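Contents: one structure, followed by commentary.
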Amino acid sequence: MEEAFTQCHMPVAICDTELRVLRASRGMAQEAGLSEDQMHGRRFTQFMPDSAYAEVEGGMRRVFKTGTVEHLVVFADSRAESGERVWSVTLSPLRNAVGTVHHVQFTAVDTTAEYGARERLALLNEVSARVGTTLDVAQTAQEMADVVAGRLADFVTVDLLDSLFRGVEPRPGAEGVALLRAAHQSVLPGVPESVIRVGEVDHYPRSSPPARVLATGRSTLHRSLDKDIARWAAGDPQRSRTVNAHGVHSVMVVPLSARGITLGVAVLVRHRRRAAFTEDDLFLAEEIAARAAVAVDNARRYTRERTTAVALQQSLLPKQLPGQEAVRVATRYLPARSRAGVGGDWFDVIPLSGARVALVVGDVVGHGLRASATMGRLRTAVRTLADVDLPPDELLVHLDDLVTHLAAEEETAVDHDLEIVTDLIATCVYVVYDPVSRRCTVASAGHPPPAVVTPDGTVDFIDVPPGPPLGVGGLPFEGVERELPEGSLLALYTDGLAEACGRDMEAGLQRLKGALARPADQLEEVCATVLDSLLPGPPADDVALLIARTRALDSRQVASWDLVNDPAAVAGARAEVTRQLAAWGLDEIACTAELLVSELVTNAIRYGGPPVQLRLIRDAVVICEVSDSSSAAPHLRRARTFDEGGRGLLLVAQLARRWGTRHRAAGKTIWAEIALPGGPAGTPSGQ
C-alpha cells in the first residue's frame, strides 16, 4: 500500500484537521514542484496558486463538518505544463474506528481536455441558438461578436466587405481591401480596443493578415510580436498604440465564407486572459465563423432579394395617380417587415369613360419576387380590362381566367425536382364610381369589403358577396350597386391592415370602423389615423390602403337628348349641342363638338338600333356620349381614295382627346372627350 501511494501519478494528498498535508503522492509532488517531505506539515496555502487554495480549503472544512464527499472544479496553473489547467477535485472524508472524520483525502484529476471539449461544444451550441435569429446582416454579425467575446476571445471584430452592401461581388483591389465594421464586442466596457466604429469602413493593406485571409480563405494564428502583426501595426500608428496599450498578445484571423463566397473576416484578440490561442482555439473559431457566415449570407441574400422585390414592386405601383375628377384620393403602401419578404399587394385608380373612375385594391397570396412580379402582371391586366369598360363582375371573371393561365404556365415551366411552387392565388376588389348617378358598383374576389363613411359620420361596409379568390377558376362573381351621398368616403384595403398584430378579420374590421369614424378634414389625415390605429409597429404583411372622397356632378353639368332613329335627327342633335355649349360658355369647342356628334349620331342611326340617346357631360373635359341598342362595336379602317365612307371614326380619333366604346347590358355607348379651352389637349387615342 505504501508503494502504491507514493508511486501514484495522480495528485493525491491526505490532510489533518488543521488542513496540513500528512501524505502526498508522486503526482502531487510533481504538480506542486515540491517533494513529499517538503510538503509535509504545510497547508495548501503555501504551495497552491491563490486562485485555487481558498476553494480547496473551504471544501475541506465542509468535509470535516458534514462528513460528506465534496466535488470541485478548480482552475489553476500547472507547474508541470504551461498554461491554465482544469482539475476535477474530490475531497473524501477518512474516518477512525469510531466513525469520526479525522482526515480528508484530496484527489485531483486533470480534465483540461474534457472541459475544453465541453466548453467548445457548449459555445457551438450557443452560436447555433443565438446567431442568425434575424435576417439583418449587421445584427447577425453582432450576435456572433456577442457570443464569442468573453468566451473565446477578449475582443472580437466582424468586418464585412463593403462591396457586398452595394450588391457587388468581393474583389480585393491592388492596394488592399475595404472592410466595413459590421460588429465588435469586448470584455471591456465601451470596446476601447477598436480603432473604428461600427458602420465605418477600414482599408486594410494587401499585406495585412485580414487582406491575406480574404484572398486565401485560410485562417491565421499570430502572436503579437510575430512579423505579420508587427508589420500591420507599424503601418497604422493608431492600431499600434491600441495593441501596446491593452497588452494584446494573441490574435486569430478567420474568414467568413459561405456558398463559395468570402464575405469578410473575424479578428479575435486576447489581452486579458494570459493563455495564448491554441490550434484547438483556431479550429473552434473556424467552426464558429463558418456557422455565422451561413447566417450572414442568408441575411445578405434575403436583404438583396427583399431590396429587389421592393424595387420591383415600387416600379409596378403607380408613381402618381392619374388625373380624374370623380373622387379625391389618398393612398398608403407599407411593405412587410417580416422574414416572409415583400408581398404582392397593389392599388390603382383608373379613369373611365363618362367621368367615372375605377378603384382597385388587390393582394397576391405569398411573398417575394414571384408575388411582386405576379402583382405587376395583374395590375396591367386590370388596366387593360378596365379600358374595355367591362362591368366589375365580368372583369373579375376575365382576371380569374388570367390567373388560372399564369398558374398553368408556371406549373409547366417548373422543374419539380428542384423547386416547389405554391398555388397562384390572389384577391381583388374592383369598384366603379359614377359621379353623375352617384352610384358605385362593387365586385369582390375573396377580398375584404370596402368601407363607406357617409357625410353624417356613419360607417359601414358594402355588403358585397366576397366571391372566390382569383385562381380558383370556374366560379361566378356578383356585383352590387349602392348610391352614395356626395362627399362620402370609400376605404379599400388589404388584409394585412385588418389582420395586423394577429387580430382576426372581424376584430380588424371593427377597429377600422372605429378609426374611420374619427372626424378628419383631409384624406391624408384619414390615412394616418387608420394606420396609427391598426398598425402600432412595422407590419408583418404588406399593407395597401386607398381612401377616396366622392364628388357628384349636378344637373347643370349634364345634358341628354333622346333621338329618333332617323338620319334627319343628326342636324337637330348638332343644334342642341351648340346651344348647350353656348350655355356653358364653351363656344370655342362648338365646331369640334358638332363634327364629333355628327359622326357618332350618324353611326348610331345607320348601324345601331333604337333607342338612340345623346349625352353631354361637362367636367374636366367635355364628354360626348351616343348610346344605342346594338352591341356591335365600331372599328377604325383605312378608307381608299375614292371610297365614299369609312372616314368617320378616323375623324373622331383625330379630333377627340380620347374616345372609345363601352358595352351595356342592352347595347353600347360610344364616347369621345374634348379638351376644354386652355386645358391640356392630351394625346388623341383610339379604341
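Residues are referred to by chain and number: the chain letter is A, B, ... according to the order shown in the C-alpha cells, the number counts from 1 in that chain, and ligands are numbered separately from 1 in the order shown.
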Write out as a tab-separated table a residue-level contact list of segment 259-286 of chain A versus segment 138-159 of chain A with cut-off 10 Å: for each qualifying residue the closest pair of atoms and the distance in Å to one decimal, counting only C-alpha atoms, rows sorted by chain and residue number upward.
```
residue	atom	partner	partner_atom	distance
A:Leu263	CA	A:Asp159	CA	8.6
A:Gly264	CA	A:Asp159	CA	5.5
A:Val265	CA	A:Asp159	CA	5.5
A:Ala266	CA	A:Val158	CA	4.5
A:Val267	CA	A:Thr157	CA	5.2
A:Leu268	CA	A:Val156	CA	4.7
A:Val269	CA	A:Phe155	CA	5.1
A:Arg270	CA	A:Asp154	CA	5.0
A:His271	CA	A:Asp154	CA	6.4
A:Arg272	CA	A:Asp154	CA	6.4
A:Arg273	CA	A:Asp154	CA	7.5
A:Ala276	CA	A:Ala153	CA	9.9
A:Phe277	CA	A:Ala153	CA	8.7
A:Asp281	CA	A:Leu152	CA	7.6
A:Leu282	CA	A:Leu152	CA	9.9
A:Leu284	CA	A:Leu152	CA	8.8
A:Ala285	CA	A:Leu152	CA	8.1
```
Please, could you write that set of residues out with C-alpha atoms as a PDB file, in the first residue's frame?
```pdb
ATOM      1  CA  LEU A 263     -17.996  37.695 -47.019  1.00  0.00           C
ATOM      2  CA  GLY A 264     -15.444  39.114 -44.613  1.00  0.00           C
ATOM      3  CA  VAL A 265     -13.195  38.269 -41.682  1.00  0.00           C
ATOM      4  CA  ALA A 266     -13.450  37.957 -37.929  1.00  0.00           C
ATOM      5  CA  VAL A 267     -10.475  39.061 -35.805  1.00  0.00           C
ATOM      6  CA  LEU A 268     -10.257  37.537 -32.322  1.00  0.00           C
ATOM      7  CA  VAL A 269      -7.865  39.034 -29.770  1.00  0.00           C
ATOM      8  CA  ARG A 270      -6.657  38.105 -26.299  1.00  0.00           C
ATOM      9  CA  HIS A 271      -5.180  40.627 -23.898  1.00  0.00           C
ATOM     10  CA  ARG A 272      -6.845  39.903 -20.539  1.00  0.00           C
ATOM     11  CA  ARG A 273      -6.548  36.151 -20.209  1.00  0.00           C
ATOM     12  CA  ALA A 276      -2.470  32.370 -25.848  1.00  0.00           C
ATOM     13  CA  PHE A 277      -4.706  30.996 -28.572  1.00  0.00           C
ATOM     14  CA  ASP A 281      -8.950  27.542 -30.402  1.00  0.00           C
ATOM     15  CA  LEU A 282      -8.327  28.267 -34.075  1.00  0.00           C
ATOM     16  CA  LEU A 284     -13.170  26.324 -32.835  1.00  0.00           C
ATOM     17  CA  ALA A 285     -13.058  29.868 -34.235  1.00  0.00           C
TER      18      ALA A 285
END
```
Practice task
Please identify all polymer residues within 10 Å of Pro192 of chain A, counting only C-alpha atoms, omitting same-chain residues fewer than 6 positions from it, and present them as a PyMOL selection string.
Solution key: chain A and resi 155+185-186+242+246
Practice task
Name all residues at most 9 Å from segment 387-402 of chain A (count only C-alpha atoms; drop same-chain ones fewer than 5 positions away) and give them as a PyMOL selection string.
Solution key: chain A and resi 350-353+378+381-382+407+426+428-432+441-445+469-480+660-664+687
Would you save the residues from that selection as a short mmCIF file (atom, residue, chain, number, x, y, z; two decimals), in the first residue's frame, using C-alpha atoms?
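And here is the file that came out, part.cif:
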```
data_model
loop_
_atom_site.label_atom_id
_atom_site.label_comp_id
_atom_site.auth_asym_id
_atom_site.auth_seq_id
_atom_site.Cartn_x
_atom_site.Cartn_y
_atom_site.Cartn_z
CA ILE A 350 -58.21 54.15 -63.32
CA PRO A 351 -60.14 56.90 -65.11
CA LEU A 352 -63.06 55.51 -67.12
CA SER A 353 -65.34 56.96 -69.72
CA LEU A 378 -52.38 41.51 -62.64
CA ALA A 381 -54.33 43.14 -66.84
CA VAL A 382 -56.82 45.11 -64.72
CA ALA A 407 -50.59 29.20 -62.76
CA ALA A 426 -54.93 36.44 -55.45
CA CYS A 428 -59.13 41.73 -55.54
CA VAL A 429 -61.92 44.26 -55.04
CA TYR A 430 -62.99 46.40 -58.02
CA VAL A 431 -65.17 49.48 -57.56
CA VAL A 432 -66.60 51.72 -60.29
CA THR A 441 -70.72 49.20 -58.43
CA VAL A 442 -68.58 46.73 -56.49
CA ALA A 443 -67.38 43.18 -57.11
CA SER A 444 -65.02 41.20 -54.94
CA ALA A 445 -62.81 38.15 -55.46
CA PRO A 469 -60.27 34.23 -54.85
CA LEU A 470 -58.70 34.68 -58.27
CA GLY A 471 -57.14 31.44 -59.45
CA VAL A 472 -59.81 29.09 -58.18
CA GLY A 473 -61.43 29.16 -61.62
CA GLY A 474 -64.91 28.49 -62.97
CA LEU A 475 -66.94 30.19 -60.25
CA PRO A 476 -69.09 33.31 -60.76
CA PHE A 477 -68.68 36.78 -59.27
CA GLU A 478 -71.51 39.05 -58.28
CA GLY A 479 -71.61 42.83 -58.38
CA VAL A 480 -73.71 45.09 -56.17
CA GLY A 660 -63.82 54.55 -77.05
CA THR A 661 -66.72 52.16 -76.65
CA ARG A 662 -68.28 50.64 -73.57
CA HIS A 663 -70.89 47.91 -73.63
CA ARG A 664 -74.02 47.93 -71.55
CA GLN A 687 -60.01 52.23 -79.31
#
```
Problem - Per-residue DSSP, segment 370-589 of chain A, filtered to strand (DSSP E), as number ranges by chain - result: A: 426-434, 439-445, 451-453, 459-461, 479-483, 489-493, 543-550, 558-563
For the selection just defined, write its residues with C-alpha atoms to a file, as a compact mmCIF listing (two decimals), in the first residue's frame.
```txt
# COMPACT_ATOMS: atom_id res chain seq x y z
CA ALA A 426 -54.93 36.44 -55.45
CA THR A 427 -57.77 38.52 -54.06
CA CYS A 428 -59.13 41.73 -55.54
CA VAL A 429 -61.92 44.26 -55.04
CA TYR A 430 -62.99 46.40 -58.02
CA VAL A 431 -65.17 49.48 -57.56
CA VAL A 432 -66.60 51.72 -60.29
CA TYR A 433 -68.00 55.09 -59.17
CA ASP A 434 -70.17 57.28 -61.41
CA ARG A 439 -73.75 55.13 -57.71
CA CYS A 440 -70.84 52.77 -57.19
CA THR A 441 -70.72 49.20 -58.43
CA VAL A 442 -68.58 46.73 -56.49
CA ALA A 443 -67.38 43.18 -57.11
CA SER A 444 -65.02 41.20 -54.94
CA ALA A 445 -62.81 38.15 -55.46
CA ALA A 451 -65.90 50.62 -46.04
CA VAL A 452 -68.16 53.63 -46.60
CA VAL A 453 -68.27 56.76 -44.44
CA VAL A 459 -69.50 54.00 -41.08
CA ASP A 460 -70.47 50.65 -42.54
CA PHE A 461 -69.22 48.09 -45.07
CA GLY A 479 -71.61 42.83 -58.38
CA VAL A 480 -73.71 45.09 -56.17
CA GLU A 481 -74.69 48.75 -56.56
CA ARG A 482 -75.02 51.41 -53.93
CA GLU A 483 -75.85 55.09 -54.15
CA LEU A 489 -65.56 58.25 -48.14
CA LEU A 490 -64.65 54.89 -49.67
CA ALA A 491 -61.93 52.89 -47.96
CA LEU A 492 -60.29 49.98 -49.79
CA TYR A 493 -57.55 47.97 -48.06
CA VAL A 543 -50.49 46.83 -46.33
CA ALA A 544 -52.25 48.75 -49.09
CA LEU A 545 -54.80 51.45 -48.23
CA LEU A 546 -56.83 53.62 -50.61
CA ILE A 547 -59.13 56.36 -49.31
CA ALA A 548 -61.41 58.15 -51.82
CA ARG A 549 -63.85 61.03 -51.25
CA THR A 550 -66.65 61.09 -53.80
CA VAL A 558 -75.16 67.06 -67.68
CA ALA A 559 -77.48 67.32 -70.68
CA SER A 560 -79.12 64.44 -72.55
CA TRP A 561 -81.47 64.02 -75.51
CA ASP A 562 -83.44 61.09 -76.86
CA LEU A 563 -83.10 60.95 -80.66
```
Practice task
Grab the atom CA of Ser437 of chain A to atom CA of Val652 of chain A distance for me, in Å with one decimal place.
Solution key: 26.6 Å
